[in-house]
$ cat upload-v9.cif   # mmCIF, C-alpha atoms and all ligand atoms
data_data
#
loop_
_atom_site.label_atom_id
_atom_site.label_comp_id
_atom_site.auth_asym_id
_atom_site.auth_seq_id
_atom_site.Cartn_x
_atom_site.Cartn_y
_atom_site.Cartn_z
CA MET A 1 22.69 -2.30 -23.84
CA ALA A 2 21.69 -0.65 -20.55
CA LYS A 3 23.75 2.47 -19.85
CA SER A 4 22.51 3.10 -16.34
CA VAL A 5 21.61 1.49 -13.04
CA TYR A 6 18.96 2.43 -10.51
CA ILE A 7 19.23 0.84 -7.04
CA HIS A 8 16.34 1.07 -4.57
CA ILE A 9 16.78 1.21 -0.79
CA PRO A 10 13.19 1.09 0.50
CA PHE A 11 13.78 2.16 4.10
CA CYS A 12 13.08 5.43 5.91
CA VAL A 13 13.37 6.51 9.53
CA ARG A 14 10.01 8.25 9.27
CA ILE A 15 7.23 8.11 6.69
CA CYS A 16 6.44 11.48 5.11
CA THR A 17 2.81 12.50 4.88
CA TYR A 18 2.79 12.89 1.07
CA CYS A 19 4.95 9.94 0.03
CA ASP A 20 3.77 7.13 -2.25
CA PHE A 21 7.19 5.63 -3.04
CA ASN A 22 7.89 2.02 -2.18
CA LYS A 23 9.24 2.55 1.32
CA PHE A 24 8.99 1.02 4.78
CA TYR A 25 9.63 2.26 8.27
CA ILE A 26 13.16 0.94 8.91
CA ALA A 27 12.72 -0.25 12.51
CA ASN A 28 12.44 -4.07 12.61
CA GLN A 29 13.01 -4.42 8.86
CA PRO A 30 15.40 -7.18 7.69
CA VAL A 31 17.82 -4.62 6.26
CA ASP A 32 20.90 -6.89 6.21
CA GLU A 33 19.04 -9.71 4.45
CA TYR A 34 17.65 -7.17 2.01
CA LEU A 35 21.15 -5.93 1.14
CA ASP A 36 22.38 -9.51 0.60
CA CYS A 37 19.49 -10.16 -1.80
CA LEU A 38 19.98 -6.82 -3.55
CA ILE A 39 23.62 -7.72 -4.15
CA ASP A 40 22.52 -11.12 -5.53
CA GLU A 41 20.09 -9.39 -7.87
CA MET A 42 22.72 -6.89 -9.04
CA SER A 43 25.09 -9.79 -9.74
CA THR A 44 22.73 -10.97 -12.52
CA ARG A 45 23.50 -7.89 -14.65
CA LYS A 46 25.07 -8.37 -18.07
CA ASP A 47 26.80 -5.00 -18.39
CA LYS A 48 29.61 -4.10 -16.01
CA VAL A 49 30.55 -0.71 -17.40
CA VAL A 50 27.76 1.84 -17.09
CA GLU A 51 27.57 5.60 -17.46
CA THR A 52 25.44 6.38 -14.43
CA ILE A 53 24.31 4.85 -11.15
CA PHE A 54 21.56 6.34 -9.02
CA VAL A 55 20.93 4.98 -5.52
CA GLY A 56 17.52 6.16 -4.34
CA GLY A 57 14.63 5.16 -2.16
CA GLY A 58 13.34 5.34 0.42
CA THR A 59 16.45 6.87 1.84
CA PRO A 60 19.84 5.23 1.27
CA THR A 61 21.29 7.34 4.11
CA ALA A 62 18.90 5.59 6.53
CA LEU A 63 21.37 2.68 6.37
CA SER A 64 23.96 2.39 9.14
CA VAL A 65 27.59 3.13 8.28
CA VAL A 66 28.37 -0.61 8.19
CA GLN A 67 25.39 -1.34 5.90
CA LEU A 68 26.23 1.61 3.68
CA GLU A 69 29.81 0.40 3.26
CA LYS A 70 28.63 -3.10 2.41
CA LEU A 71 26.40 -1.68 -0.33
CA LEU A 72 29.07 0.68 -1.68
CA LYS A 73 31.65 -2.12 -1.80
CA ALA A 74 29.27 -4.44 -3.67
CA ILE A 75 28.42 -1.73 -6.22
CA ASN A 76 32.13 -1.07 -6.62
CA ASP A 77 32.84 -4.78 -7.24
CA LEU A 78 30.00 -5.18 -9.72
CA PHE A 79 30.08 -1.97 -11.76
CA THR A 80 32.44 0.54 -13.27
CA VAL A 81 30.78 3.95 -13.50
CA THR A 82 32.16 6.18 -16.22
CA ALA A 83 30.27 9.42 -15.54
CA GLU A 84 27.81 10.05 -12.72
CA TYR A 85 27.27 8.25 -9.41
CA THR A 86 24.42 9.70 -7.34
CA PHE A 87 23.14 8.96 -3.86
CA GLU A 88 19.89 10.36 -2.51
CA ALA A 89 20.24 11.62 1.04
CA ASN A 90 18.20 13.24 3.76
CA PRO A 91 19.97 16.32 5.14
CA ASP A 92 19.86 15.23 8.80
CA GLU A 93 21.16 11.72 8.03
CA LEU A 94 24.14 12.86 6.02
CA THR A 95 26.81 12.67 8.70
CA GLU A 96 30.45 13.49 7.97
CA GLU A 97 31.30 9.80 8.37
CA LYS A 98 28.75 8.81 5.70
CA ILE A 99 29.89 11.55 3.29
CA LYS A 100 33.51 10.42 3.63
CA LEU A 101 32.46 6.88 2.86
CA LEU A 102 30.43 7.91 -0.18
CA LYS A 103 33.32 9.99 -1.46
CA ALA A 104 35.82 7.16 -0.89
CA TYR A 105 33.71 4.85 -3.06
CA GLY A 106 33.44 7.33 -5.93
CA VAL A 107 30.02 8.90 -5.37
CA ASN A 108 30.23 12.23 -7.19
CA ARG A 109 26.70 13.57 -6.85
CA LEU A 110 24.33 13.99 -3.91
CA SER A 111 20.62 14.60 -4.27
CA LEU A 112 19.28 16.05 -1.03
CA GLY A 113 15.60 15.68 -0.13
CA VAL A 114 15.12 19.23 1.16
CA GLN A 115 11.53 20.00 0.03
CA THR A 116 11.30 23.38 1.83
CA PHE A 117 13.35 25.61 4.13
CA ASP A 118 10.27 26.42 6.21
CA ASP A 119 10.41 24.51 9.52
CA GLU A 120 6.64 24.58 10.00
CA LEU A 121 6.03 23.16 6.53
CA LEU A 122 8.74 20.55 7.10
CA LYS A 123 6.71 19.36 10.10
CA VAL A 124 3.53 19.26 8.02
CA LEU A 125 5.36 17.13 5.44
CA GLY A 126 6.53 14.77 8.20
CA ARG A 127 10.20 15.33 7.37
CA THR A 128 12.81 14.55 10.01
CA HIS A 129 15.14 17.46 9.20
CA GLN A 130 15.01 21.18 9.91
CA SER A 131 16.25 24.01 7.75
CA ASP A 132 19.59 24.22 9.66
CA ASP A 133 20.39 20.63 8.66
CA ILE A 134 20.25 21.57 4.98
CA GLU A 135 23.03 24.14 5.20
CA LYS A 136 25.16 21.76 7.26
CA ALA A 137 24.69 18.94 4.73
CA VAL A 138 25.60 21.17 1.77
CA LYS A 139 28.68 22.54 3.58
CA LEU A 140 29.87 19.05 4.51
CA SER A 141 29.39 17.87 0.92
CA ARG A 142 31.49 20.81 -0.27
CA LYS A 143 34.14 20.19 2.39
CA HIS A 144 34.56 16.65 1.09
CA ASN A 145 34.54 17.70 -2.56
CA ILE A 146 31.43 15.92 -3.72
CA GLY A 147 31.37 17.08 -7.35
CA SER A 148 27.71 17.96 -7.66
CA VAL A 149 25.03 18.79 -5.10
CA SER A 150 21.34 18.88 -5.97
CA LEU A 151 18.35 19.90 -3.84
CA ASP A 152 14.76 18.72 -4.23
CA LEU A 153 12.20 21.42 -3.48
CA MET A 154 8.42 21.05 -3.46
CA PHE A 155 5.80 23.70 -4.02
CA HIS A 156 1.99 24.01 -3.91
CA LEU A 157 2.12 22.62 -0.37
CA PRO A 158 -0.77 22.84 2.12
CA GLY A 159 -0.93 26.38 3.47
CA GLN A 160 2.18 27.45 1.54
CA THR A 161 2.25 31.06 0.41
CA ILE A 162 4.16 32.38 -2.57
CA GLU A 163 6.38 34.29 -0.13
CA GLN A 164 7.31 31.07 1.65
CA PHE A 165 8.22 29.41 -1.64
CA ASP A 166 10.21 32.48 -2.66
CA ASP A 167 12.09 32.31 0.63
CA SER A 168 12.96 28.64 0.07
CA LEU A 169 14.22 29.42 -3.42
CA ASN A 170 16.36 32.29 -2.10
CA LYS A 171 17.83 30.10 0.61
CA ALA A 172 18.57 27.30 -1.84
CA LEU A 173 20.28 29.69 -4.26
CA SER A 174 22.29 31.28 -1.45
CA LEU A 175 23.91 27.88 -0.84
CA ASP A 176 25.38 28.05 -4.34
CA ILE A 177 24.29 24.52 -5.19
CA ASP A 178 24.68 22.92 -8.63
CA HIS A 179 21.20 21.66 -9.33
CA ILE A 180 17.59 22.04 -8.23
CA SER A 181 14.67 19.70 -8.92
CA SER A 182 11.37 21.34 -8.05
CA TYR A 183 7.95 19.71 -8.29
CA ALA A 184 4.42 20.67 -7.32
CA LEU A 185 2.89 18.40 -4.69
CA ILE A 186 0.71 15.72 -6.19
CA LEU A 187 -1.81 14.10 -3.88
CA GLU A 188 -1.33 10.38 -4.33
CA PRO A 189 -3.79 7.75 -3.09
CA LYS A 190 -2.71 5.77 -0.02
CA THR A 191 -0.78 8.70 1.46
CA GLN A 192 -1.60 10.41 4.77
CA PHE A 193 -2.19 13.65 2.87
CA TYR A 194 -4.70 12.00 0.56
CA ASN A 195 -6.70 10.61 3.49
CA LEU A 196 -6.71 13.97 5.24
CA TYR A 197 -7.78 15.67 2.02
CA ARG A 198 -10.68 13.24 1.55
CA LYS A 199 -11.84 13.96 5.08
CA GLY A 200 -11.70 17.69 4.35
CA LYS A 201 -8.82 18.18 6.81
CA LEU A 202 -6.20 19.28 4.31
CA LYS A 203 -6.40 22.43 2.22
CA LEU A 204 -4.22 22.88 -0.83
CA PRO A 205 -3.51 26.27 -2.41
CA ASN A 206 -5.65 26.82 -5.52
CA GLU A 207 -4.35 25.82 -8.96
CA ASP A 208 -3.63 29.40 -10.01
CA LEU A 209 -1.24 29.77 -7.10
CA GLY A 210 0.48 26.54 -8.21
CA GLU A 211 1.03 28.07 -11.68
CA GLU A 212 2.23 31.31 -10.12
CA MET A 213 4.74 29.37 -8.03
CA TYR A 214 6.01 27.53 -11.09
CA GLN A 215 6.44 30.82 -12.93
CA LEU A 216 8.29 32.26 -9.94
CA LEU A 217 10.56 29.21 -9.97
CA GLN A 218 11.38 29.73 -13.65
CA LYS A 219 11.95 33.46 -13.18
CA LYS A 220 14.20 32.99 -10.16
CA MET A 221 16.25 30.31 -11.88
CA LYS A 222 16.62 32.44 -14.99
CA SER A 223 18.22 35.21 -12.99
CA SER A 224 20.50 32.74 -11.15
CA HIS A 225 23.38 30.49 -12.19
CA LEU A 226 21.00 27.56 -12.81
CA ASN A 227 19.60 26.95 -16.31
CA GLN A 228 16.36 25.15 -16.95
CA TYR A 229 16.96 21.95 -18.91
CA GLU A 230 13.78 20.04 -18.06
CA ILE A 231 10.27 20.97 -16.91
CA SER A 232 11.23 20.62 -13.25
CA ASN A 233 15.04 20.63 -13.34
CA PHE A 234 17.63 23.40 -13.32
CA SER A 235 21.40 23.14 -13.28
CA ARG A 236 24.72 24.88 -13.42
CA THR A 237 26.37 24.23 -16.80
CA GLY A 238 27.78 20.72 -16.84
CA HIS A 239 25.71 19.56 -13.84
CA GLU A 240 22.57 18.27 -15.54
CA SER A 241 21.45 14.91 -14.16
CA LEU A 242 22.84 12.45 -16.71
CA HIS A 243 20.95 9.63 -15.04
CA ASN A 244 17.57 11.30 -15.41
CA LYS A 245 18.39 12.18 -19.01
CA VAL A 246 18.62 8.45 -19.69
CA TYR A 247 14.93 8.20 -18.69
CA TRP A 248 13.89 11.25 -20.69
CA LYS A 249 15.82 10.10 -23.75
CA ASN A 250 13.98 6.79 -23.50
CA GLU A 251 17.18 4.77 -23.14
CA GLU A 252 17.62 1.50 -21.27
CA TYR A 253 18.60 1.04 -17.63
CA TYR A 254 18.65 -1.62 -14.95
CA GLY A 255 16.44 -1.32 -11.88
CA PHE A 256 17.46 -3.32 -8.80
CA GLY A 257 15.71 -3.64 -5.45
CA ALA A 258 12.16 -3.97 -4.13
CA GLY A 259 9.74 -2.00 -6.29
CA ALA A 260 12.46 -0.87 -8.72
CA HIS A 261 11.63 -0.42 -12.39
CA GLY A 262 13.97 -1.22 -15.27
CA TYR A 263 14.08 -1.22 -19.07
CA VAL A 264 16.39 -3.79 -20.61
CA ASP A 265 16.45 -5.40 -24.08
CA GLY A 266 13.19 -3.70 -25.06
CA ILE A 267 11.35 -4.94 -21.96
CA ARG A 268 10.07 -2.72 -19.18
CA TYR A 269 9.82 -4.51 -15.84
CA SER A 270 8.99 -3.78 -12.23
CA ASN A 271 10.05 -5.70 -9.14
CA ILE A 272 7.92 -6.94 -6.27
CA ASN A 273 7.24 -4.19 -3.72
CA PRO A 274 7.16 -5.91 -0.29
CA VAL A 275 10.61 -6.41 1.19
CA ASN A 276 9.86 -9.89 2.60
CA GLN A 277 8.57 -11.19 -0.73
CA TYR A 278 11.56 -9.69 -2.53
CA ILE A 279 13.89 -11.47 -0.11
CA LYS A 280 11.98 -14.75 -0.44
CA LYS A 281 12.26 -14.74 -4.23
CA LEU A 282 15.98 -14.12 -4.28
CA THR A 283 16.62 -16.60 -1.47
CA ASN A 284 14.86 -19.18 -3.67
CA LYS A 285 17.16 -18.14 -6.54
CA GLU A 286 14.24 -16.64 -8.48
CA MET A 287 14.11 -13.19 -10.06
CA PRO A 288 11.92 -10.77 -8.04
CA ILE A 289 9.93 -9.58 -11.07
CA LEU A 290 6.34 -8.50 -10.51
CA GLN A 291 5.58 -7.79 -14.15
CA ASN A 292 7.32 -7.21 -17.41
CA SER A 293 6.19 -6.24 -20.86
CA LYS A 294 7.75 -5.91 -24.25
CA VAL A 295 7.45 -2.31 -25.37
CA SER A 296 5.77 -2.19 -28.78
CA ILE A 297 6.97 0.20 -31.49
CA LYS A 298 3.81 2.27 -30.97
CA GLU A 299 4.58 2.60 -27.24
CA GLN A 300 8.23 3.42 -27.96
CA MET A 301 7.15 6.26 -30.25
CA GLU A 302 4.71 7.62 -27.65
CA GLU A 303 7.35 7.45 -24.92
CA GLU A 304 9.97 9.06 -27.16
CA MET A 305 7.66 12.07 -27.40
CA PHE A 306 6.27 12.56 -23.95
CA LEU A 307 9.52 11.75 -22.17
CA GLY A 308 11.65 13.76 -24.60
CA LEU A 309 9.39 16.81 -24.50
CA ARG A 310 10.09 17.12 -20.78
CA MET A 311 13.56 18.40 -21.71
CA THR A 312 13.84 22.01 -22.82
CA GLU A 313 15.89 20.87 -25.85
CA GLY A 314 12.90 18.68 -26.79
CA VAL A 315 12.84 15.72 -29.17
CA SER A 316 15.37 15.42 -31.97
CA LYS A 317 13.49 14.99 -35.24
CA ILE A 318 16.41 13.25 -36.91
CA LYS A 319 16.88 10.84 -34.01
CA PHE A 320 13.18 9.95 -34.16
CA GLN A 321 13.43 9.38 -37.91
CA ASN A 322 16.52 7.18 -37.56
CA LYS A 323 15.05 5.17 -34.71
CA PHE A 324 11.63 4.50 -36.21
CA ASN A 325 12.12 4.99 -39.98
CA GLN A 326 9.26 7.50 -39.94
CA SER A 327 9.19 11.20 -39.19
CA ILE A 328 7.39 12.69 -36.19
CA GLU A 329 5.02 14.39 -38.63
CA ASP A 330 4.24 11.04 -40.33
CA VAL A 331 3.21 9.54 -37.01
CA PHE A 332 1.63 12.45 -35.13
CA GLY A 333 0.93 14.88 -38.02
CA GLU A 334 -2.32 16.66 -37.15
CA ASP A 335 -1.66 16.78 -33.40
CA VAL A 336 1.78 18.30 -33.91
CA LYS A 337 0.39 20.94 -36.30
CA GLU A 338 -2.38 21.84 -33.88
CA LEU A 339 -0.03 22.09 -30.88
CA ILE A 340 2.30 24.35 -32.88
CA ASN A 341 -0.64 26.51 -34.02
CA ASN A 342 -1.80 26.77 -30.40
CA GLU A 343 1.71 27.89 -29.40
CA LEU A 344 2.21 24.97 -27.04
CA LEU A 345 4.95 23.38 -29.14
CA ILE A 346 7.82 24.94 -31.11
CA ASP A 347 9.50 23.47 -34.20
CA ASN A 348 13.01 24.80 -34.95
CA ASN A 349 13.45 22.26 -37.80
CA ASP A 350 15.88 20.10 -35.78
CA TYR A 351 13.93 19.73 -32.52
CA LEU A 352 10.34 19.91 -31.34
CA TYR A 353 10.08 21.42 -27.87
CA LEU A 354 7.53 22.83 -25.43
CA SER A 355 6.81 26.55 -25.36
CA LYS A 356 6.69 28.31 -21.96
CA ARG A 357 2.91 27.82 -21.89
CA GLY A 358 3.35 24.19 -22.95
CA GLN A 359 5.67 23.61 -19.98
CA ILE A 360 2.97 24.77 -17.57
CA ILE A 361 0.33 22.44 -18.98
CA GLY A 362 2.79 19.72 -20.05
CA ASN A 363 0.47 16.81 -19.21
CA GLU A 364 -2.21 18.10 -21.58
CA VAL A 365 0.38 18.28 -24.36
CA PHE A 366 1.75 14.79 -23.60
CA GLU A 367 -1.74 13.28 -23.87
CA ARG A 368 -1.82 14.33 -27.51
CA PHE A 369 1.00 11.89 -28.22
CA LEU A 370 -0.95 8.82 -27.13
CA LEU A 371 -1.66 6.84 -30.31
CA SER A 372 -5.01 5.09 -30.54
S1 LIG B 1 9.58 11.17 0.87
FE1 LIG B 1 11.55 10.13 0.95
S2 LIG B 1 12.10 10.19 3.12
FE2 LIG B 1 9.92 10.63 3.03
S3 LIG B 1 8.92 8.65 3.30
FE3 LIG B 1 9.12 9.00 1.11
S4 LIG B 1 11.00 7.99 0.53
FE4 LIG B 1 11.03 8.24 2.77
#
$ encode --input "upload-v9.cif" --output "structure tokens" --more "lines below"
Ligand code: SF4
Amino acid sequence: MAKSVYIHIPFCVRICTYCDFNKFYIANQPVDEYLDCLIDEMSTRKDKVVETIFVGGGTPTALSVVQLEKLLKAINDLFTVTAEYTFEANPDELTEEKIKLLKAYGVNRLSLGVQTFDDELLKVLGRTHQSDDIEKAVKLSRKHNIGSVSLDLMFHLPGQTIEQFDDSLNKALSLDIDHISSYALILEPKTQFYNLYRKGKLKLPNEDLGEEMYQLLQKKMKSSHLNQYEISNFSRTGHESLHNKVYWKNEEYYGFGAGAHGYVDGIRYSNINPVNQYIKKLTNKEMPILQNSKVSIKEQMEEEMFLGLRMTEGVSKIKFQNKFNQSIEDVFGEDVKELINNELLIDNNDYLYLSKRGQIIGNEVFERFLLS
């Protein structure tokens, strides 16, 4: 049974220089037809009661008020959310009218795409907002009693100094928010940044500075009200992202919308990316699936480890045993021993989890859990 729902709104008012998500410049897009088809796709779901819904993109707040209400009403008709209902939002698009609407339909968590408080860096990233918009968006969310507010912050940005990142962290913490997700920039193919980098027109800070920034992030969060619960995520007690924990705990969820991914009945699937093709499929009463694959037991065990190890609590040894009828040591024996000996992994008898060093080079640790 799927406990969660992800809904993708693939439209943005501007395309950021680093972005490789499935998104399209909203002008001239068939947004209304897309929403009709999205609602048709959501209507195929088997489970009505779910624990979490996450509406992401793209940018859901790029929708007009009328479009947003249509989407919220459809979600409300199709699902009952028992715990967490998140919308992603860009700070400058989050008007009071939109916040009131979100609140009226039960949205209880906002995830704001902030990235940095530095106006020059915001321009480099191609973002539409400025640092002033962030404070306004957080204050409006508080005014309308949105239960949980999260900010996304990036680091290791072109030309970014450690002082600039420190300043962004200080400004974020001064807003007394409930949650921060913070990731190092990754240069993805087919982005403007990647093309500039290949032409030698984009300089990234060196890797050591990236590590230093990550350590600063951990240190700052440790001395704040936000606790680290995942490699890149920090929250006030009781404000961890329940939706993301469904991914990290390797549990099932629906994915709806162009380019969305889902995991239902042991099958991982992804939808068609282009909006027009997505609309065509649903108009022809066909499912908009691009590919799907049954997840083998071997793959489930691998995923259980490298997704679960992202969380600071790590992977429950007993849960693994109960799920697969084998212990972690039976399956990954030598690798686990070596990672523990190298102080990258810690075993407290109940859980296996990453050490501080292991968190910094997480990807190298995760590779060790790929079975041949
Ligand atoms: S980063 Fe977000 S706002 Fe920017 S283009 Fe990508 S999806 Fe749109």
$ atom_distance --input "upload-v9.cif" --atom1 "atom CA of A:Arg357" --atom2 "atom CA of A:Ser111"
28.3 Å
$ atom_distance --input "upload-v9.cif" --atom1 "atom CA of A:Phe366" --atom2 "atom CA of A:Asn349"
19.9 Å
$ atom_distance --input "upload-v9.cif" --atom1 "atom CA of A:Lys70" --atom2 "atom CA of A:Glu97"
14.5 Å
$ closest_residue --input "upload-v9.cif" --among "A:Val107, A:Phe369, A:Ile340, A:Thr283" --to "A:Glu299" --atoms "only C-alpha atoms"
A:Phe369
$ residues_near_ligand --input "upload-v9.cif" --ligand "ligand LIG 1 (chain B)" --cutoff "8 Å" --atoms "only C-alpha atoms and all ligand atoms" --output "PyMOL selection string"
chain A and resi 10-24+57-59+90+113+126-127
$ closest_residue --input "upload-v9.cif" --among "A:Lys220, A:Lys139, A:Lys201, A:Arg236" --to "A:Asp166" --atoms "only C-alpha atoms"
A:Lys220
$ closest_residue --input "upload-v9.cif" --among "A:Ile231, A:Leu102, A:Val149, A:Val315" --to "A:Ile346" --atoms "all atoms listed in the file"
A:Val315
$ residues_near_point --input "upload-v9.cif" --point "(-6.7, 17.5, 3.4)" --cutoff "12 Å" --atoms "only C-alpha atoms" --output "list in words"
Thr17, Tyr18, Val124, Leu157, Pro158, Gly159, Leu187, Glu188, Thr191, Gln192, Phe193, Tyr194, Asn195, Leu196, Tyr197, Arg198, Lys199, Gly200, Lys201, Leu202, Lys203, Leu204 and Pro205 of chain A
$ write_last_selection --input "upload-v9.cif" --atoms "C-alpha atoms" --output "PDB file, in the frame of the given file"
ATOM      1  CA  THR A  17       2.810  12.500   4.880  1.00  0.00           C
ATOM      2  CA  TYR A  18       2.790  12.890   1.070  1.00  0.00           C
ATOM      3  CA  VAL A 124       3.530  19.260   8.020  1.00  0.00           C
ATOM      4  CA  LEU A 157       2.120  22.620  -0.370  1.00  0.00           C
ATOM      5  CA  PRO A 158      -0.770  22.840   2.120  1.00  0.00           C
ATOM      6  CA  GLY A 159      -0.930  26.380   3.470  1.00  0.00           C
ATOM      7  CA  LEU A 187      -1.810  14.100  -3.880  1.00  0.00           C
ATOM      8  CA  GLU A 188      -1.330  10.380  -4.330  1.00  0.00           C
ATOM      9  CA  THR A 191      -0.780   8.700   1.460  1.00  0.00           C
ATOM     10  CA  GLN A 192      -1.600  10.410   4.770  1.00  0.00           C
ATOM     11  CA  PHE A 193      -2.190  13.650   2.870  1.00  0.00           C
ATOM     12  CA  TYR A 194      -4.700  12.000   0.560  1.00  0.00           C
ATOM     13  CA  ASN A 195      -6.700  10.610   3.490  1.00  0.00           C
ATOM     14  CA  LEU A 196      -6.710  13.970   5.240  1.00  0.00           C
ATOM     15  CA  TYR A 197      -7.780  15.670   2.020  1.00  0.00           C
ATOM     16  CA  ARG A 198     -10.680  13.240   1.550  1.00  0.00           C
ATOM     17  CA  LYS A 199     -11.840  13.960   5.080  1.00  0.00           C
ATOM     18  CA  GLY A 200     -11.700  17.690   4.350  1.00  0.00           C
ATOM     19  CA  LYS A 201      -8.820  18.180   6.810  1.00  0.00           C
ATOM     20  CA  LEU A 202      -6.200  19.280   4.310  1.00  0.00           C
ATOM     21  CA  LYS A 203      -6.400  22.430   2.220  1.00  0.00           C
ATOM     22  CA  LEU A 204      -4.220  22.880  -0.830  1.00  0.00           C
ATOM     23  CA  PRO A 205      -3.510  26.270  -2.410  1.00  0.00           C
TER      24      PRO A 205
END
$ residues_around --input "upload-v9.cif" --residues "A:Asp265" --least-positions-apart "2" --cutoff "12 Å" --atoms "only C-alpha atoms" --output "list in words"
Met1, Ala2, Lys3, Lys46, Asp47, Glu251, Glu252, Tyr253, Tyr254, Gly262, Tyr263, Ile267, Arg268, Tyr269, Asn292, Ser293, Lys294 and Val295 of chain A
$ axis_aligned_box --input "upload-v9.cif" --around "stretch 130-133 of chain A" --padding-each-side "3 Å" --output "JSON"
{"center_x": 17.7, "center_y": 22.4, "center_z": 8.8, "size_x": 11.4, "size_y": 9.6, "size_z": 8.2}
$ residues_around --input "upload-v9.cif" --residues "stretch 319-323 of chain A" --least-positions-apart "2" --cutoff "12 Å" --atoms "all atoms listed in the file" --output "ChimeraX atom specification"
/A:249-251,297,300-305,308,314-317,325-332,350-352
$ closest_residue --input "upload-v9.cif" --among "A:Gln115, A:Thr44, A:Gln67, A:Asn108" --to "A:Ile134" --atoms "all atoms listed in the file"
A:Gln115
$ residues_around --input "upload-v9.cif" --residues "A:Val114" --least-positions-apart "3" --cutoff "10 Å" --atoms "all atoms listed in the file" --output "list of chain:residue names"
A:Ala89, A:Asn90, A:Pro91, A:Asp92, A:Ser111, A:Phe117, A:Leu122, A:Arg127, A:His129, A:Gln130, A:Ser131, A:Asp133, A:Ile134, A:Ser150, A:Leu151, A:Asp152, A:Leu153, A:Met154, A:Ser168, A:Ala172
$ residues_near_point --input "upload-v9.cif" --point "(20.4, -4.7, -7.8)" --cutoff "8 Å" --atoms "all atoms listed in the file" --output "list of chain:residue names"
A:Tyr6, A:Ile7, A:His8, A:Leu38, A:Ile39, A:Asp40, A:Glu41, A:Met42, A:Ser43, A:Tyr254, A:Gly255, A:Phe256, A:Gly257
$ write_last_selection --input "upload-v9.cif" --atoms "C-alpha atoms" --output "PDB file, in the frame of the given file"
ATOM      1  CA  TYR A   6      18.960   2.430 -10.510  1.00  0.00           C
ATOM      2  CA  ILE A   7      19.230   0.840  -7.040  1.00  0.00           C
ATOM      3  CA  HIS A   8      16.340   1.070  -4.570  1.00  0.00           C
ATOM      4  CA  LEU A  38      19.980  -6.820  -3.550  1.00  0.00           C
ATOM      5  CA  ILE A  39      23.620  -7.720  -4.150  1.00  0.00           C
ATOM      6  CA  ASP A  40      22.520 -11.120  -5.530  1.00  0.00           C
ATOM      7  CA  GLU A  41      20.090  -9.390  -7.870  1.00  0.00           C
ATOM      8  CA  MET A  42      22.720  -6.890  -9.040  1.00  0.00           C
ATOM      9  CA  SER A  43      25.090  -9.790  -9.740  1.00  0.00           C
ATOM     10  CA  TYR A 254      18.650  -1.620 -14.950  1.00  0.00           C
ATOM     11  CA  GLY A 255      16.440  -1.320 -11.880  1.00  0.00           C
ATOM     12  CA  PHE A 256      17.460  -3.320  -8.800  1.00  0.00           C
ATOM     13  CA  GLY A 257      15.710  -3.640  -5.450  1.00  0.00           C
TER      14      GLY A 257
END
$ residues_around --input "upload-v9.cif" --residues "A:Val49" --least-positions-apart "4" --cutoff "7 Å" --atoms "all atoms listed in the file" --output "PyMOL selection string"
chain A and resi 79-81
